Amino acid sequence: MARIASEAMRERLKVYFIMGSTNCKKQPLEVLTEAIDGGITLFQFREKGSGALVGEQKYEFARQLQNICKKRGIPFIVNDDVELALALDADGVHIGQDDEDARIVREKIGDKILGVSAHNLKEAQAAIAAGADYIGVGPIYPTKSKEDAKKAQGPEIIRFLRGQGVDIPLVAIGGITAENAGEVMNAGADGVSVISAIASAASPFLAAKQLVQTVFNND
Ligand SMILES: Cc1ncc(COP(=O)(O)OP(=O)(O)O)c(N)n1
Ligand SMILES: Cc1nc(C(=O)O)sc1CCOP(=O)(O)O
Ligand SMILES: [Mg+2]
């Protein structure tokens, strides 16, 4: 299998839903199913924070979510846990600046999708050099979903990176909702990545649909 092409990656990043068991108000498998019905384009399994599943329970939960994604043609990305991604034969891995080195992860996962978090130009350039398929840039707005999140930088960080010639597929993250997704896309993001806007919504289906409408109408 060859590396994903940039243009295909950009399309996949449009509405990127991230979720773990601790983020959901409803049954997580139902939340993911509704989000897919609503039109999400990519999914990341992020099992983190107080009360997160570990060991066999984490593996089994991930496998169930992966099965839903497989049936619906949504690529399944694993956050942080490269060994889990390999054990499940996931479609890819997302790592941050405090995780395993991106070059080593690229070697381990071969042609699978590699996403790397970047907060500034230096980190973005290093991620590209290490073989990232996309970068996640955030937090754009304040977020309650990541305990160790950095200070929000606003959509300006995306405009700045694009202005400096960073043309890798780029997804914005942190505090993004259907209300502010338009300005994030206008700043030059290929897509938006969200946890709470979908996972905490009374209707994950409607929440996903609203994001999809905003992002795709912005093309
Ligand atoms: C799409 C996307 N962008 C950024 C992140 C954050 O990754 P990281 O900085 O490693 O933080 P954790 O998510 O591991 O807490 C992400 N997960 N996805
Ligand atoms: C997982 C994550 N990473 C971030 C970063 O800045 O790198 S912000 C974040 C949490 C995003 O959740 P919500 O959509 O609920 O704000
Ligand atoms: Mg991480």
# chains A, B, ... in the order shown; residues from 1 in each chain; ligands from 1
>>> residues_near_ligand(ligand="ligand 2", cutoff="8 Å", atoms="only C-alpha atoms and all ligand atoms", output="MDAnalysis selection string")
chainID A and resid 18 46 96 117:119 136:146 149:150 152 173:177 193:197
>>> write_last_selection(atoms="C-alpha atoms", output="compact mmCIF listing (two decimals), in the first residue's frame")
# COMPACT_ATOMS: atom_id res chain seq x y z
CA ILE A 18 -11.90 12.43 17.99
CA ARG A 46 -8.22 8.88 21.89
CA GLY A 96 2.20 14.97 19.61
CA SER A 117 0.70 17.97 16.36
CA ALA A 118 2.44 21.29 15.74
CA HIS A 119 2.12 24.60 17.59
CA GLY A 136 -2.86 19.07 13.75
CA VAL A 137 -2.60 22.68 14.87
CA GLY A 138 -4.07 23.91 18.13
CA PRO A 139 -5.56 24.85 20.37
CA ILE A 140 -7.25 27.42 18.18
CA TYR A 141 -9.79 28.34 20.89
CA PRO A 142 -9.85 27.43 24.61
CA THR A 143 -10.72 23.78 25.22
CA LYS A 144 -11.85 21.73 28.21
CA SER A 145 -11.14 18.41 26.50
CA LYS A 146 -7.34 18.36 26.94
CA ALA A 149 -3.58 22.09 26.36
CA LYS A 150 -1.41 25.08 25.50
CA ALA A 152 -5.22 29.24 22.46
CA ILE A 173 -8.18 21.64 16.72
CA GLY A 174 -9.35 23.02 20.05
CA GLY A 175 -12.69 24.61 20.92
CA ILE A 176 -14.03 24.33 17.40
CA THR A 177 -17.80 24.40 16.86
CA SER A 193 -11.04 18.35 14.37
CA VAL A 194 -13.44 18.19 17.32
CA ILE A 195 -14.17 16.23 20.45
CA SER A 196 -16.86 17.97 22.51
CA ALA A 197 -18.80 19.63 19.68
>>> residues_around(residues="A:Gly49", least_positions_apart="6", cutoff="12 Å", atoms="only C-alpha atoms", output="compact mmCIF listing (two decimals) with all heavy atoms, in the first residue's frame")
# COMPACT_ATOMS: atom_id res chain seq x y z
N MET A 19 -12.53 10.85 19.71
CA MET A 19 -13.37 10.42 20.85
C MET A 19 -12.75 9.27 21.61
O MET A 19 -12.02 8.45 21.05
CB MET A 19 -14.71 9.96 20.26
CG MET A 19 -15.80 9.70 21.24
SD MET A 19 -17.04 8.67 20.40
CE MET A 19 -16.38 7.05 20.76
N GLY A 20 -13.04 9.23 22.91
CA GLY A 20 -12.75 8.08 23.75
C GLY A 20 -13.92 7.90 24.69
O GLY A 20 -14.86 8.71 24.69
N SER A 21 -13.85 6.88 25.53
CA SER A 21 -15.02 6.56 26.37
C SER A 21 -15.36 7.69 27.35
O SER A 21 -16.52 7.86 27.72
CB SER A 21 -14.76 5.27 27.15
OG SER A 21 -13.65 5.44 28.00
N THR A 22 -14.35 8.49 27.75
CA THR A 22 -14.62 9.51 28.77
C THR A 22 -15.25 10.78 28.19
O THR A 22 -15.66 11.66 28.94
CB THR A 22 -13.31 9.92 29.50
OG1 THR A 22 -12.43 10.50 28.54
CG2 THR A 22 -12.63 8.73 30.15
N ASN A 23 -15.32 10.88 26.88
CA ASN A 23 -15.86 12.10 26.25
C ASN A 23 -17.36 12.07 26.00
O ASN A 23 -17.94 13.09 25.63
CB ASN A 23 -15.18 12.36 24.89
CG ASN A 23 -13.68 12.46 24.99
OD1 ASN A 23 -12.95 11.73 24.33
ND2 ASN A 23 -13.21 13.35 25.82
N LYS A 144 -11.79 22.43 26.92
CA LYS A 144 -11.85 21.73 28.21
C LYS A 144 -11.55 20.25 28.01
O LYS A 144 -11.56 19.47 28.97
CB LYS A 144 -13.25 21.88 28.81
CG LYS A 144 -13.56 23.29 29.25
CD LYS A 144 -14.89 23.32 29.97
CE LYS A 144 -15.16 24.74 30.49
NZ LYS A 144 -16.55 25.10 30.44
N SER A 145 -11.28 19.84 26.80
CA SER A 145 -11.14 18.41 26.50
C SER A 145 -9.71 17.90 26.61
O SER A 145 -9.48 16.70 26.48
CB SER A 145 -11.66 18.11 25.09
OG SER A 145 -12.98 18.58 24.95
N LYS A 146 -8.74 18.79 26.81
CA LYS A 146 -7.34 18.36 26.94
C LYS A 146 -6.75 19.03 28.17
O LYS A 146 -6.63 20.28 28.20
CB LYS A 146 -6.57 18.72 25.67
CG LYS A 146 -5.10 18.32 25.69
CD LYS A 146 -4.49 18.44 24.30
CE LYS A 146 -2.98 18.45 24.30
NZ LYS A 146 -2.36 17.25 24.84
N GLU A 147 -6.38 18.22 29.16
CA GLU A 147 -5.91 18.77 30.44
C GLU A 147 -4.67 19.63 30.28
O GLU A 147 -4.52 20.66 30.93
CB GLU A 147 -5.61 17.61 31.40
CG GLU A 147 -6.86 16.97 31.98
CD GLU A 147 -6.58 15.63 32.65
OE1 GLU A 147 -5.40 15.32 32.89
OE2 GLU A 147 -7.57 14.90 32.91
N ASP A 148 -3.74 19.19 29.42
CA ASP A 148 -2.46 19.91 29.29
C ASP A 148 -2.40 20.75 28.01
O ASP A 148 -1.33 20.94 27.43
CB ASP A 148 -1.30 18.91 29.33
CG ASP A 148 -1.43 17.83 28.26
OD1 ASP A 148 -2.51 17.72 27.63
OD2 ASP A 148 -0.46 17.08 28.02
>>> atom_distance(atom1="atom CA of A:Leu42", atom2="atom CA of A:Phe160")
25.2 Å
>>> closest_residue(among="A:Phe216, A:Phe205, A:Phe76, A:Tyr59", to="A:Phe45", atoms="only C-alpha atoms")
A:Phe76
>>> residues_around(residues="A:Lys209", least_positions_apart="4", cutoff="12 Å", atoms="only C-alpha atoms", output="PyMOL selection string")
chain A and resi 15+17+34-41+177-178+197-198+201+203-205+213-217
>>> residues_around(residues="A:Ile168", least_positions_apart="5", cutoff="8 Å", atoms="only C-alpha atoms", output="number ranges by chain")
A: 6, 128, 133-135
>>> select_by_dssp(residues="chain A", states="strand (DSSP E or B)", output="short mmCIF file (atom, residue, chain, number, x, y, z; two decimals) with N, CA and C atoms, in the first residue's frame")
data_model
loop_
_atom_site.label_atom_id
_atom_site.label_comp_id
_atom_site.auth_asym_id
_atom_site.auth_seq_id
_atom_site.Cartn_x
_atom_site.Cartn_y
_atom_site.Cartn_z
N VAL A 15 -13.86 16.91 8.33
CA VAL A 15 -14.55 16.87 9.65
C VAL A 15 -14.03 15.64 10.39
N TYR A 16 -13.04 15.88 11.21
CA TYR A 16 -12.24 14.83 11.86
C TYR A 16 -12.72 14.73 13.31
N PHE A 17 -13.39 13.64 13.61
CA PHE A 17 -13.96 13.45 14.95
C PHE A 17 -13.01 12.62 15.80
N ILE A 18 -12.78 13.10 17.04
CA ILE A 18 -11.90 12.43 17.99
C ILE A 18 -12.73 12.05 19.21
N MET A 19 -12.53 10.85 19.71
CA MET A 19 -13.37 10.42 20.85
C MET A 19 -12.75 9.27 21.61
N LEU A 42 -13.28 11.40 9.07
CA LEU A 42 -12.12 10.71 9.65
C LEU A 42 -12.38 10.55 11.15
N PHE A 43 -11.84 9.47 11.74
CA PHE A 43 -12.07 9.23 13.18
C PHE A 43 -10.74 8.93 13.88
N GLN A 44 -10.58 9.51 15.07
CA GLN A 44 -9.41 9.19 15.91
C GLN A 44 -9.88 8.63 17.26
N PHE A 45 -9.31 7.49 17.61
CA PHE A 45 -9.57 6.87 18.92
C PHE A 45 -8.57 7.46 19.91
N PHE A 76 -9.60 4.83 10.46
CA PHE A 76 -9.52 4.75 11.93
C PHE A 76 -8.09 5.05 12.36
N ILE A 77 -7.92 6.16 13.07
CA ILE A 77 -6.59 6.62 13.52
C ILE A 77 -6.50 6.40 15.03
N VAL A 78 -5.34 5.96 15.51
CA VAL A 78 -5.15 5.77 16.95
C VAL A 78 -4.27 6.89 17.50
N ASN A 79 -4.70 7.50 18.59
CA ASN A 79 -3.91 8.55 19.24
C ASN A 79 -2.85 7.94 20.16
N GLY A 92 -3.96 4.49 10.80
CA GLY A 92 -2.92 5.48 11.09
C GLY A 92 -2.78 5.78 12.56
N VAL A 93 -1.88 6.72 12.84
CA VAL A 93 -1.51 7.10 14.21
C VAL A 93 -1.41 8.62 14.27
N HIS A 94 -1.84 9.20 15.41
CA HIS A 94 -1.57 10.62 15.65
C HIS A 94 -0.69 10.76 16.87
N ILE A 95 0.40 11.51 16.73
CA ILE A 95 1.30 11.73 17.86
C ILE A 95 1.57 13.23 18.04
N ILE A 113 -1.22 6.23 7.78
CA ILE A 113 -1.31 7.69 7.95
C ILE A 113 -0.60 8.11 9.23
N LEU A 114 0.23 9.15 9.13
CA LEU A 114 0.91 9.70 10.30
C LEU A 114 0.50 11.17 10.48
N GLY A 115 -0.17 11.45 11.60
CA GLY A 115 -0.53 12.82 11.97
C GLY A 115 0.36 13.27 13.10
N VAL A 116 0.82 14.52 13.05
CA VAL A 116 1.71 15.07 14.09
C VAL A 116 1.17 16.43 14.53
N SER A 117 1.13 16.66 15.84
CA SER A 117 0.70 17.97 16.36
C SER A 117 1.83 18.98 16.21
N ALA A 118 1.46 20.20 15.84
CA ALA A 118 2.44 21.29 15.74
C ALA A 118 1.81 22.57 16.27
N TYR A 134 -0.11 14.71 7.75
CA TYR A 134 -0.85 15.93 8.06
C TYR A 134 -0.34 16.46 9.40
N ILE A 135 -0.63 17.74 9.65
CA ILE A 135 -0.36 18.28 11.00
C ILE A 135 -1.68 18.72 11.63
N GLY A 136 -1.73 18.57 12.96
CA GLY A 136 -2.86 19.07 13.75
C GLY A 136 -2.37 20.30 14.48
N VAL A 137 -3.05 21.42 14.29
CA VAL A 137 -2.60 22.68 14.87
C VAL A 137 -3.62 23.20 15.89
N LEU A 170 -3.51 20.23 6.72
CA LEU A 170 -3.50 20.81 8.08
C LEU A 170 -4.91 20.80 8.65
N VAL A 171 -5.05 20.26 9.84
CA VAL A 171 -6.35 20.27 10.51
C VAL A 171 -6.23 21.10 11.79
N ALA A 172 -7.25 21.93 12.02
CA ALA A 172 -7.26 22.79 13.21
C ALA A 172 -8.00 22.07 14.32
N ILE A 173 -7.56 22.33 15.58
CA ILE A 173 -8.18 21.64 16.72
C ILE A 173 -8.24 22.56 17.93
N GLY A 191 -9.35 21.27 7.31
CA GLY A 191 -10.48 20.70 8.02
C GLY A 191 -10.45 21.07 9.48
N VAL A 192 -11.48 20.62 10.19
CA VAL A 192 -11.57 20.88 11.63
C VAL A 192 -11.65 19.55 12.37
N SER A 193 -11.03 19.54 13.55
CA SER A 193 -11.04 18.35 14.37
C SER A 193 -11.73 18.69 15.69
N VAL A 194 -12.67 17.86 16.10
CA VAL A 194 -13.44 18.19 17.32
C VAL A 194 -13.64 16.97 18.20
#
>>> select_by_dssp(residues="stretch 26-177 of chain A", states="alpha helix (DSSP H)", output="ChimeraX atom specification")
/A:28-38,55-72,82-88,102-109,121-130,156-163
>>> write_last_selection(atoms="C-alpha atoms", output="PDB file, in the first residue's frame")
ATOM      1  CA  PRO A  28     -19.851   5.607  22.718  1.00  0.00           C
ATOM      2  CA  LEU A  29     -20.631   3.140  19.928  1.00  0.00           C
ATOM      3  CA  GLU A  30     -23.911   4.999  19.358  1.00  0.00           C
ATOM      4  CA  VAL A  31     -22.091   8.360  19.399  1.00  0.00           C
ATOM      5  CA  LEU A  32     -19.657   7.191  16.707  1.00  0.00           C
ATOM      6  CA  THR A  33     -22.451   5.702  14.594  1.00  0.00           C
ATOM      7  CA  GLU A  34     -24.426   8.962  14.764  1.00  0.00           C
ATOM      8  CA  ALA A  35     -21.327  10.998  13.941  1.00  0.00           C
ATOM      9  CA  ILE A  36     -20.719   8.863  10.848  1.00  0.00           C
ATOM     10  CA  ASP A  37     -24.393   9.186   9.860  1.00  0.00           C
ATOM     11  CA  GLY A  38     -23.913  12.954  10.210  1.00  0.00           C
ATOM     12  CA  GLY A  55      -5.195  -2.994  28.735  1.00  0.00           C
ATOM     13  CA  GLU A  56      -7.608  -5.566  27.332  1.00  0.00           C
ATOM     14  CA  GLN A  57     -10.655  -3.321  27.876  1.00  0.00           C
ATOM     15  CA  LYS A  58      -9.038  -0.525  25.875  1.00  0.00           C
ATOM     16  CA  TYR A  59      -8.111  -2.952  23.093  1.00  0.00           C
ATOM     17  CA  GLU A  60     -11.628  -4.432  22.917  1.00  0.00           C
ATOM     18  CA  PHE A  61     -13.288  -1.002  22.936  1.00  0.00           C
ATOM     19  CA  ALA A  62     -10.963   0.203  20.165  1.00  0.00           C
ATOM     20  CA  ARG A  63     -11.723  -2.913  18.123  1.00  0.00           C
ATOM     21  CA  GLN A  64     -15.472  -2.275  18.369  1.00  0.00           C
ATOM     22  CA  LEU A  65     -15.069   1.337  17.245  1.00  0.00           C
ATOM     23  CA  GLN A  66     -12.753   0.246  14.440  1.00  0.00           C
ATOM     24  CA  ASN A  67     -15.347  -2.265  13.213  1.00  0.00           C
ATOM     25  CA  ILE A  68     -17.933   0.500  12.944  1.00  0.00           C
ATOM     26  CA  CYS A  69     -15.484   2.664  10.984  1.00  0.00           C
ATOM     27  CA  LYS A  70     -14.541  -0.229   8.687  1.00  0.00           C
ATOM     28  CA  LYS A  71     -18.169  -0.973   7.809  1.00  0.00           C
ATOM     29  CA  ARG A  72     -18.734   2.683   6.924  1.00  0.00           C
ATOM     30  CA  VAL A  82       1.574   3.067  18.218  1.00  0.00           C
ATOM     31  CA  GLU A  83       1.603  -0.541  19.439  1.00  0.00           C
ATOM     32  CA  LEU A  84      -2.206  -0.569  19.614  1.00  0.00           C
ATOM     33  CA  ALA A  85      -2.418   0.860  16.100  1.00  0.00           C
ATOM     34  CA  LEU A  86      -0.138  -1.921  14.836  1.00  0.00           C
ATOM     35  CA  ALA A  87      -1.994  -4.639  16.766  1.00  0.00           C
ATOM     36  CA  LEU A  88      -5.313  -3.505  15.285  1.00  0.00           C
ATOM     37  CA  ALA A 102       7.823  11.112  14.600  1.00  0.00           C
ATOM     38  CA  ARG A 103      10.688   9.652  12.526  1.00  0.00           C
ATOM     39  CA  ILE A 104      10.681   6.465  14.576  1.00  0.00           C
ATOM     40  CA  VAL A 105       6.900   6.217  14.377  1.00  0.00           C
ATOM     41  CA  ARG A 106       7.074   6.616  10.577  1.00  0.00           C
ATOM     42  CA  GLU A 107       9.546   3.725  10.435  1.00  0.00           C
ATOM     43  CA  LYS A 108       7.300   1.572  12.623  1.00  0.00           C
ATOM     44  CA  ILE A 109       4.041   2.204  10.750  1.00  0.00           C
ATOM     45  CA  LEU A 121       6.564  26.927  12.383  1.00  0.00           C
ATOM     46  CA  LYS A 122       9.553  24.990  13.715  1.00  0.00           C
ATOM     47  CA  GLU A 123       7.401  22.065  14.842  1.00  0.00           C
ATOM     48  CA  ALA A 124       5.463  22.103  11.567  1.00  0.00           C
ATOM     49  CA  GLN A 125       8.689  21.972   9.510  1.00  0.00           C
ATOM     50  CA  ALA A 126      10.100  19.183  11.699  1.00  0.00           C
ATOM     51  CA  ALA A 127       6.870  17.176  11.305  1.00  0.00           C
ATOM     52  CA  ILE A 128       7.072  17.508   7.521  1.00  0.00           C
ATOM     53  CA  ALA A 129      10.737  16.433   7.527  1.00  0.00           C
ATOM     54  CA  ALA A 130       9.851  13.404   9.684  1.00  0.00           C
ATOM     55  CA  GLU A 156      -4.180  33.461  13.048  1.00  0.00           C
ATOM     56  CA  ILE A 157      -1.722  30.612  13.686  1.00  0.00           C
ATOM     57  CA  ILE A 158      -3.093  28.820  10.625  1.00  0.00           C
ATOM     58  CA  ARG A 159      -2.910  31.943   8.475  1.00  0.00           C
ATOM     59  CA  PHE A 160       0.656  32.472   9.698  1.00  0.00           C
ATOM     60  CA  LEU A 161       1.784  28.905   8.901  1.00  0.00           C
ATOM     61  CA  ARG A 162       0.236  29.055   5.416  1.00  0.00           C
ATOM     62  CA  GLY A 163       1.915  32.447   4.859  1.00  0.00           C
TER      63      GLY A 163
END
>>> closest_residue(among="A:Asp98, A:Asp190, A:Ala181, A:Pro75", to="A:Leu211", atoms="only C-alpha atoms")
A:Ala181
>>> atom_distance(atom1="atom CA of A:Asp99", atom2="atom CA of A:Leu13")
21.3 Å
>>> closest_residue(among="A:Cys24, A:Asp81, A:Asp167, A:Ala2", to="ligand 3", atoms="only C-alpha atoms and all ligand atoms")
A:Asp81
>>> atom_distance(atom1="atom CA of A:Gly188", atom2="atom CA of A:Arg12")
15.5 Å
>>> decode(residues="stretch 72-128 of chain A", atoms="C-alpha atoms", output="PDB file, in the first residue's frame")
ATOM      1  CA  ARG A  72     -18.734   2.683   6.924  1.00  0.00           C
ATOM      2  CA  GLY A  73     -15.464   3.386   5.085  1.00  0.00           C
ATOM      3  CA  ILE A  74     -14.118   5.873   7.651  1.00  0.00           C
ATOM      4  CA  PRO A  75     -10.355   5.610   8.299  1.00  0.00           C
ATOM      5  CA  PHE A  76      -9.522   4.751  11.928  1.00  0.00           C
ATOM      6  CA  ILE A  77      -6.586   6.617  13.519  1.00  0.00           C
ATOM      7  CA  VAL A  78      -5.151   5.770  16.954  1.00  0.00           C
ATOM      8  CA  ASN A  79      -3.907   8.551  19.237  1.00  0.00           C
ATOM      9  CA  ASP A  80      -0.514   8.098  20.985  1.00  0.00           C
ATOM     10  CA  ASP A  81      -0.511   4.286  21.171  1.00  0.00           C
ATOM     11  CA  VAL A  82       1.574   3.067  18.218  1.00  0.00           C
ATOM     12  CA  GLU A  83       1.603  -0.541  19.439  1.00  0.00           C
ATOM     13  CA  LEU A  84      -2.206  -0.569  19.614  1.00  0.00           C
ATOM     14  CA  ALA A  85      -2.418   0.860  16.100  1.00  0.00           C
ATOM     15  CA  LEU A  86      -0.138  -1.921  14.836  1.00  0.00           C
ATOM     16  CA  ALA A  87      -1.994  -4.639  16.766  1.00  0.00           C
ATOM     17  CA  LEU A  88      -5.313  -3.505  15.285  1.00  0.00           C
ATOM     18  CA  ASP A  89      -3.868  -2.808  11.834  1.00  0.00           C
ATOM     19  CA  ALA A  90      -5.381   0.675  12.144  1.00  0.00           C
ATOM     20  CA  ASP A  91      -5.248   3.136   9.247  1.00  0.00           C
ATOM     21  CA  GLY A  92      -2.923   5.479  11.088  1.00  0.00           C
ATOM     22  CA  VAL A  93      -1.512   7.104  14.205  1.00  0.00           C
ATOM     23  CA  HIS A  94      -1.571  10.621  15.648  1.00  0.00           C
ATOM     24  CA  ILE A  95       1.305  11.733  17.862  1.00  0.00           C
ATOM     25  CA  GLY A  96       2.204  14.971  19.611  1.00  0.00           C
ATOM     26  CA  GLN A  97       5.406  16.710  20.630  1.00  0.00           C
ATOM     27  CA  ASP A  98       5.575  14.756  23.917  1.00  0.00           C
ATOM     28  CA  ASP A  99       4.976  11.368  22.296  1.00  0.00           C
ATOM     29  CA  GLU A 100       7.314   8.992  20.480  1.00  0.00           C
ATOM     30  CA  ASP A 101       9.628  10.624  17.919  1.00  0.00           C
ATOM     31  CA  ALA A 102       7.823  11.112  14.600  1.00  0.00           C
ATOM     32  CA  ARG A 103      10.688   9.652  12.526  1.00  0.00           C
ATOM     33  CA  ILE A 104      10.681   6.465  14.576  1.00  0.00           C
ATOM     34  CA  VAL A 105       6.900   6.217  14.377  1.00  0.00           C
ATOM     35  CA  ARG A 106       7.074   6.616  10.577  1.00  0.00           C
ATOM     36  CA  GLU A 107       9.546   3.725  10.435  1.00  0.00           C
ATOM     37  CA  LYS A 108       7.300   1.572  12.623  1.00  0.00           C
ATOM     38  CA  ILE A 109       4.041   2.204  10.750  1.00  0.00           C
ATOM     39  CA  GLY A 110       5.289   2.188   7.136  1.00  0.00           C
ATOM     40  CA  ASP A 111       2.700   3.728   4.801  1.00  0.00           C
ATOM     41  CA  LYS A 112      -0.059   4.134   7.376  1.00  0.00           C
ATOM     42  CA  ILE A 113      -1.314   7.688   7.947  1.00  0.00           C
ATOM     43  CA  LEU A 114       0.908   9.703  10.302  1.00  0.00           C
ATOM     44  CA  GLY A 115      -0.526  12.820  11.965  1.00  0.00           C
ATOM     45  CA  VAL A 116       1.710  15.065  14.093  1.00  0.00           C
ATOM     46  CA  SER A 117       0.705  17.966  16.363  1.00  0.00           C
ATOM     47  CA  ALA A 118       2.445  21.291  15.739  1.00  0.00           C
ATOM     48  CA  HIS A 119       2.115  24.597  17.588  1.00  0.00           C
ATOM     49  CA  ASN A 120       4.545  26.739  15.627  1.00  0.00           C
ATOM     50  CA  LEU A 121       6.564  26.927  12.383  1.00  0.00           C
ATOM     51  CA  LYS A 122       9.553  24.990  13.715  1.00  0.00           C
ATOM     52  CA  GLU A 123       7.401  22.065  14.842  1.00  0.00           C
ATOM     53  CA  ALA A 124       5.463  22.103  11.567  1.00  0.00           C
ATOM     54  CA  GLN A 125       8.689  21.972   9.510  1.00  0.00           C
ATOM     55  CA  ALA A 126      10.100  19.183  11.699  1.00  0.00           C
ATOM     56  CA  ALA A 127       6.870  17.176  11.305  1.00  0.00           C
ATOM     57  CA  ILE A 128       7.072  17.508   7.521  1.00  0.00           C
TER      58      ILE A 128
END
